[in-house]
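Asker: Below is the file upload.txt, with compact mmCIF, C-alpha atoms.
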```
# COMPACT_ATOMS: atom_id res chain seq x y z
CA GLY A 1 -34.48 -51.36 -24.08
CA ILE A 2 -31.74 -49.51 -22.21
CA LEU A 3 -31.49 -46.92 -24.98
CA ALA A 4 -35.27 -46.42 -24.78
CA VAL A 5 -35.01 -45.74 -21.05
CA PHE A 6 -32.30 -43.12 -21.68
CA LEU A 7 -34.35 -41.60 -24.51
CA SER A 8 -37.28 -41.42 -22.08
CA PHE A 9 -35.50 -38.69 -20.10
CA LEU A 10 -35.09 -36.53 -23.21
CA ILE A 11 -38.58 -37.28 -24.52
CA ALA A 12 -40.18 -36.63 -21.12
CA SER A 13 -38.49 -33.23 -20.85
CA ILE A 14 -39.82 -32.28 -24.30
CA ALA A 15 -43.30 -33.47 -23.31
CA VAL A 16 -43.22 -31.41 -20.11
CA ARG A 17 -42.15 -28.32 -22.05
CA ALA A 18 -44.87 -28.85 -24.66
CA THR A 19 -47.48 -29.45 -21.97
CA GLY A 20 -46.43 -26.33 -20.11
CA GLU A 21 -46.55 -24.17 -23.24
CA THR A 22 -49.65 -25.55 -24.93
CA ASP A 23 -51.57 -27.59 -22.34
CA ILE A 24 -51.43 -30.52 -24.79
CA ASN A 25 -49.21 -33.54 -24.19
CA PRO A 26 -47.87 -34.78 -27.56
CA ILE A 27 -47.49 -38.42 -26.51
CA GLY A 28 -47.81 -39.96 -29.98
CA ALA A 29 -45.21 -37.66 -31.51
CA MET A 30 -42.80 -38.33 -28.66
CA GLY A 31 -43.04 -42.09 -29.19
CA LYS A 32 -42.49 -41.63 -32.91
CA ILE A 33 -39.15 -39.92 -32.21
CA THR A 34 -38.02 -43.18 -30.61
CA GLN A 35 -39.42 -45.12 -33.55
CA VAL A 36 -37.21 -43.12 -35.90
CA VAL A 37 -34.14 -43.81 -33.74
CA TYR A 38 -34.85 -47.54 -33.57
CA GLY A 39 -35.76 -47.62 -37.27
CA ALA A 40 -32.24 -46.40 -38.01
CA LEU A 41 -30.50 -48.65 -35.45
CA ASP A 42 -32.45 -51.85 -36.04
CA PRO A 43 -34.24 -51.53 -39.42
CA GLY A 44 -37.08 -53.87 -40.26
CA LYS A 45 -37.74 -54.96 -36.67
CA ILE A 46 -41.31 -53.78 -36.07
CA PRO A 47 -41.83 -55.39 -32.61
CA THR A 48 -38.59 -53.86 -31.27
CA ASN A 49 -39.56 -50.50 -32.75
CA LEU A 50 -43.03 -50.53 -31.19
CA MET A 51 -41.90 -51.74 -27.77
CA ALA A 52 -39.14 -49.12 -27.48
CA ALA A 53 -41.54 -46.38 -28.56
CA GLY A 54 -44.04 -47.59 -25.99
CA ILE A 55 -41.46 -47.14 -23.22
CA THR A 56 -40.70 -43.53 -24.15
CA ALA A 57 -44.32 -42.64 -24.84
CA ALA A 58 -45.30 -43.93 -21.40
CA GLY A 59 -42.68 -41.69 -19.82
CA ALA A 60 -43.87 -38.71 -21.87
CA SER A 61 -47.46 -39.44 -20.91
CA GLN A 62 -46.77 -39.64 -17.20
CA SER A 63 -44.48 -36.60 -17.10
CA GLY A 64 -46.98 -34.46 -19.02
CA ASP A 65 -49.84 -35.60 -16.80
CA LEU A 66 -47.78 -34.81 -13.72
CA MET A 67 -47.14 -31.35 -15.18
CA HIS A 68 -50.91 -30.82 -15.46
CA ASP A 69 -51.40 -31.95 -11.88
CA LEU A 70 -48.64 -29.79 -10.45
CA LYS A 71 -49.82 -26.77 -12.43
CA ALA A 72 -53.38 -27.19 -11.16
CA GLY A 73 -52.09 -27.66 -7.61
CA TYR A 74 -49.95 -24.54 -7.91
CA LEU A 75 -52.94 -22.50 -9.09
CA LEU A 76 -55.01 -23.86 -6.18
CA LYS A 77 -52.14 -23.23 -3.72
CA VAL A 78 -51.83 -26.90 -2.72
CA SER A 79 -48.66 -28.14 -1.03
CA ILE A 80 -46.26 -29.79 -3.51
CA ARG A 81 -45.34 -32.33 -0.82
CA LYS A 82 -48.98 -33.40 -0.48
CA GLN A 83 -49.32 -33.59 -4.26
CA VAL A 84 -46.28 -35.88 -4.51
CA ILE A 85 -47.63 -38.14 -1.77
CA ALA A 86 -50.99 -38.34 -3.57
CA GLN A 87 -49.24 -39.11 -6.87
CA LEU A 88 -47.24 -41.94 -5.28
CA CYS A 89 -50.40 -43.43 -3.79
CA GLY A 90 -52.07 -43.16 -7.21
CA VAL A 91 -49.15 -44.93 -8.89
CA ILE A 92 -49.35 -47.86 -6.49
CA VAL A 93 -53.11 -48.26 -6.89
CA GLY A 94 -52.94 -47.59 -10.65
CA VAL A 95 -50.38 -50.32 -11.34
CA PHE A 96 -52.64 -53.02 -9.96
CA ALA A 97 -55.88 -51.55 -11.34
CA ALA A 98 -54.50 -51.13 -14.88
CA ALA A 99 -53.07 -54.66 -14.93
CA ALA A 100 -56.36 -56.13 -13.74
CA VAL A 101 -58.46 -54.20 -16.28
CA TYR A 102 -56.08 -55.15 -19.10
CA ARG A 103 -56.36 -58.84 -18.20
CA LEU A 104 -60.15 -58.57 -18.17
CA LEU A 105 -60.24 -56.84 -21.57
CA THR A 106 -57.85 -59.27 -23.25
CA ALA A 107 -59.83 -62.19 -21.88
CA ALA A 108 -63.05 -60.80 -23.40
CA TYR A 109 -61.82 -59.23 -26.67
CA PRO A 110 -58.98 -59.56 -29.14
CA ILE A 111 -56.86 -56.38 -28.94
CA PRO A 112 -56.51 -54.85 -31.46
CA GLY A 113 -59.65 -56.21 -33.07
CA ASP A 114 -62.97 -55.06 -34.46
CA ASP A 115 -64.25 -53.84 -31.08
CA PHE A 116 -60.97 -52.21 -30.00
CA ALA A 117 -59.23 -51.19 -33.21
CA GLY A 118 -57.11 -48.53 -31.48
CA PRO A 119 -56.52 -45.72 -34.02
CA ALA A 120 -53.40 -44.60 -32.15
CA VAL A 121 -52.06 -48.15 -32.19
CA MET A 122 -52.61 -48.31 -35.94
CA ALA A 123 -50.71 -45.02 -36.40
CA TRP A 124 -47.76 -46.38 -34.41
CA HIS A 125 -47.80 -49.58 -36.43
CA ALA A 126 -47.90 -47.59 -39.69
CA MET A 127 -44.84 -45.62 -38.53
CA ALA A 128 -43.00 -48.85 -37.72
CA GLU A 129 -43.86 -50.23 -41.17
CA LEU A 130 -42.67 -47.01 -42.81
CA LEU A 131 -39.36 -47.31 -41.00
CA ALA A 132 -39.10 -50.97 -42.03
CA LYS A 133 -39.92 -50.29 -45.71
CA GLY A 134 -37.99 -47.04 -46.01
CA ILE A 135 -38.63 -43.44 -46.98
CA LYS A 136 -39.50 -44.42 -50.55
CA SER A 137 -42.90 -45.58 -49.30
CA LEU A 138 -43.86 -42.00 -48.26
CA PRO A 139 -46.08 -39.80 -50.45
CA ALA A 140 -44.26 -37.72 -53.06
CA HIS A 141 -43.71 -34.45 -51.18
CA ALA A 142 -43.71 -35.69 -47.58
CA MET A 143 -39.95 -35.28 -47.11
CA THR A 144 -40.09 -31.75 -48.53
CA ALA A 145 -42.84 -30.83 -46.07
CA ALA A 146 -40.91 -32.42 -43.18
CA SER A 147 -37.75 -30.53 -44.16
CA VAL A 148 -39.60 -27.20 -44.31
CA GLY A 149 -41.12 -27.91 -40.89
CA ALA A 150 -37.70 -28.74 -39.43
CA VAL A 151 -36.13 -25.56 -40.82
CA VAL A 152 -38.98 -23.38 -39.52
CA GLY A 153 -38.90 -25.16 -36.13
CA LEU A 154 -35.17 -24.48 -35.80
CA ALA A 155 -35.26 -20.96 -37.23
CA ILE A 156 -37.91 -19.54 -34.88
CA PRO A 157 -35.94 -19.94 -31.62
CA ILE A 158 -32.67 -18.88 -33.29
CA ILE A 159 -34.23 -15.69 -34.67
CA GLY A 160 -35.97 -15.07 -31.34
CA SER A 161 -32.72 -15.37 -29.37
CA MET A 162 -30.83 -13.12 -31.80
CA ASN A 163 -33.45 -10.35 -31.81
CA LYS A 164 -35.56 -10.04 -28.65
CA LYS A 165 -37.90 -7.42 -30.19
CA ILE A 166 -38.89 -9.79 -33.00
CA GLY A 167 -38.68 -12.87 -30.76
CA LYS A 168 -41.52 -11.80 -28.50
CA TRP A 169 -43.87 -11.86 -31.51
CA LEU A 170 -42.79 -15.24 -32.89
CA PRO A 171 -44.96 -18.30 -32.18
CA SER A 172 -43.78 -21.26 -30.13
CA PRO A 173 -42.34 -23.96 -32.43
CA ILE A 174 -43.77 -26.61 -30.10
CA ALA A 175 -47.25 -25.09 -30.34
CA LEU A 176 -46.96 -24.91 -34.15
CA GLY A 177 -45.87 -28.54 -34.32
CA ILE A 178 -48.80 -29.67 -32.18
CA ALA A 179 -51.19 -27.61 -34.30
CA PHE A 180 -49.96 -29.32 -37.46
CA MET A 181 -50.23 -32.76 -35.85
CA VAL A 182 -53.81 -32.09 -34.77
```
Represent the structure contained in this file as structure tokens.
Answerer:
Amino acid sequence: GILAVFLSFLIASIAVRATGETDINPIGAMGKITQVVYGALDPGKIPTNLMAAGITAAGASQSGDLMHDLKAGYLLKVSIRKQVIAQLCGVIVGVFAAAAVYRLLTAAYPIPGDDFAGPAVMAWHAMAELLAKGIKSLPAHAMTAASVGAVVGLAIPIIGSMNKKIGKWLPSPIALGIAFMV
């Protein structure tokens, strides 16, 4: 759990950058980074994997949402101090409201179940199973595609920093990654 909290700082900064560049918060992908780390450190432990990923995804979610709020406030020329005060009030109310709604839902329905299958939850669980079973359970060319994506994602900023004339025409690797996820 402590490692997940430390990873949250890194993951949240990536989420803020992605949100600022693309206006999309890649929460699921950020949690899956933690799943990969925990899959390597504690293989085969699906509950540990999912819980740690949930911690970092929650941090990514909140930091990206805060980025949206601060950006909108900046455009509307709202005081940052007033925005922070409003956010803190929202956190306090939200903690109790979310807990109450969750208790009501779990009392009425099995989660996940037929009524609340949770496609995102199923994707996270599939990732945890993949990490438990190993890379051999992936489709034939999945690792090749992932390797090509990693090389392109690393090459774009390196080329852009080496040659500013070319760099201004290169796409954002974060935006490309989000486009491929969508």
Asker: Near Ala126 (chain A), counting only C-alpha atoms, which residues have an atom at most 12 Å away, once you skip same-chain residues fewer than 4 positions from it, shown as a ChimeraX atom specification?
Answerer: /A:32,35,46,49-50,119-122,130-134,137-138
Asker: Which residue, A:Ala142, A:Ala86, A:Ala15, A:Val78, has the smallest gap to Ser63 (chain A) when you use all atoms listed in the file?
Answerer: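 For Ser63 (chain A), the nearest of the given residues is A:Ala15.
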Asker: Distance CA of Leu66 (chain A)-CA of Val16 (chain A), one decimal place?
Answerer: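 Distance reported for this atom pair: 8.6 Å.
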Asker: Excluding region 36-45 of chain A and residues on its chain fewer than 6 positions from it, collect all residues at most 12 Å away from it, counting all atoms listed in the file, and give them as a CSV table (one decimal) with C-alpha atoms, in the frame of the given file.
Answerer:
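Ended up saving to out.csv:
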```
chain,number,residue,atom,x,y,z
A,1,GLY,CA,-34.5,-51.4,-24.1
A,2,ILE,CA,-31.7,-49.5,-22.2
A,3,LEU,CA,-31.5,-46.9,-25.0
A,4,ALA,CA,-35.3,-46.4,-24.8
A,7,LEU,CA,-34.4,-41.6,-24.5
A,29,ALA,CA,-45.2,-37.7,-31.5
A,30,MET,CA,-42.8,-38.3,-28.7
A,51,MET,CA,-41.9,-51.7,-27.8
A,52,ALA,CA,-39.1,-49.1,-27.5
A,53,ALA,CA,-41.5,-46.4,-28.6
A,54,GLY,CA,-44.0,-47.6,-26.0
A,56,THR,CA,-40.7,-43.5,-24.2
A,124,TRP,CA,-47.8,-46.4,-34.4
A,125,HIS,CA,-47.8,-49.6,-36.4
A,127,MET,CA,-44.8,-45.6,-38.5
A,128,ALA,CA,-43.0,-48.8,-37.7
A,129,GLU,CA,-43.9,-50.2,-41.2
A,130,LEU,CA,-42.7,-47.0,-42.8
A,131,LEU,CA,-39.4,-47.3,-41.0
A,132,ALA,CA,-39.1,-51.0,-42.0
A,133,LYS,CA,-39.9,-50.3,-45.7
A,134,GLY,CA,-38.0,-47.0,-46.0
A,135,ILE,CA,-38.6,-43.4,-47.0
```
Asker: Can you work out the spacing between CA of Asp115 (chain A) and CA of Tyr102 (chain A) in Å, to one decimal?
Answerer: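 Pair CA of Asp115 (chain A) / CA of Tyr102 (chain A) returns 14.6 Å.
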Asker: I need the residue nearest Ala123 (chain A) from this list: A:Met181, A:Ala145, A:Ala140, A:Gly28. Use all atoms listed in the file for the distance.
Answerer: A:Gly28
Asker: May I ask which of the residues A:Trp169, A:Ala60, A:Pro139, A:Met67 is the closest one to Ile80 (chain A), counting all atoms listed in the file?
Answerer: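 Counting all atoms listed in the file, the residue closest to Ile80 (chain A) is A:Met67.
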Asker: At a cut-off of 12 Å from (-53.2, -31.1, -26.2) in the coordinates of the file, what residues are picked up using all atoms listed in the file, written as a list of chain:residue names?
Answerer: A:Ala15, A:Val16, A:Ala18, A:Thr19, A:Gly20, A:Glu21, A:Thr22, A:Asp23, A:Ile24, A:Asn25, A:Pro26, A:Ile27, A:Gly28, A:Ala29, A:Ser61, A:Gly64, A:Asp65, A:His68, A:Ile174, A:Ala175, A:Leu176, A:Gly177, A:Ile178, A:Ala179, A:Phe180, A:Met181, A:Val182
Asker: For CA of Val152 (chain A) and CA of Lys168 (chain A), quote the distance in Å rounded to one decimal.
Answerer: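 According to the coordinates, CA of Val152 (chain A) and CA of Lys168 (chain A) are separated by 16.2 Å.
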Asker: Find, counting all atoms listed in the file, the residue in A:Ser8, A:Gln87, A:Thr106, A:Ser172 that gets nearest to Gly160 (chain A).
Answerer: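 Closest residue, counting all atoms listed in the file: A:Ser172.
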Asker: Mind working out the centre and edge lengths of an axis-aligned box for region 156-162 of chain A, all listed atoms inside, 3 Å added to each side, rounded to one decimal in Å and written as lines of an AutoDock Vina configuration file?
Answerer:
```
center_x = -34.4
center_y = -16.5
center_z = -32.1
size_x = 13.1
size_y = 12.8
size_z = 11.5
```
Asker: Given the choices A:Ala108, A:Pro157, A:Ile166, A:Ile11, which gets closest to Gln62 (chain A) if the distance is worked out from all atoms listed in the file?
Answerer: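 Among the listed residues, A:Ile11 lies closest to Gln62 (chain A).
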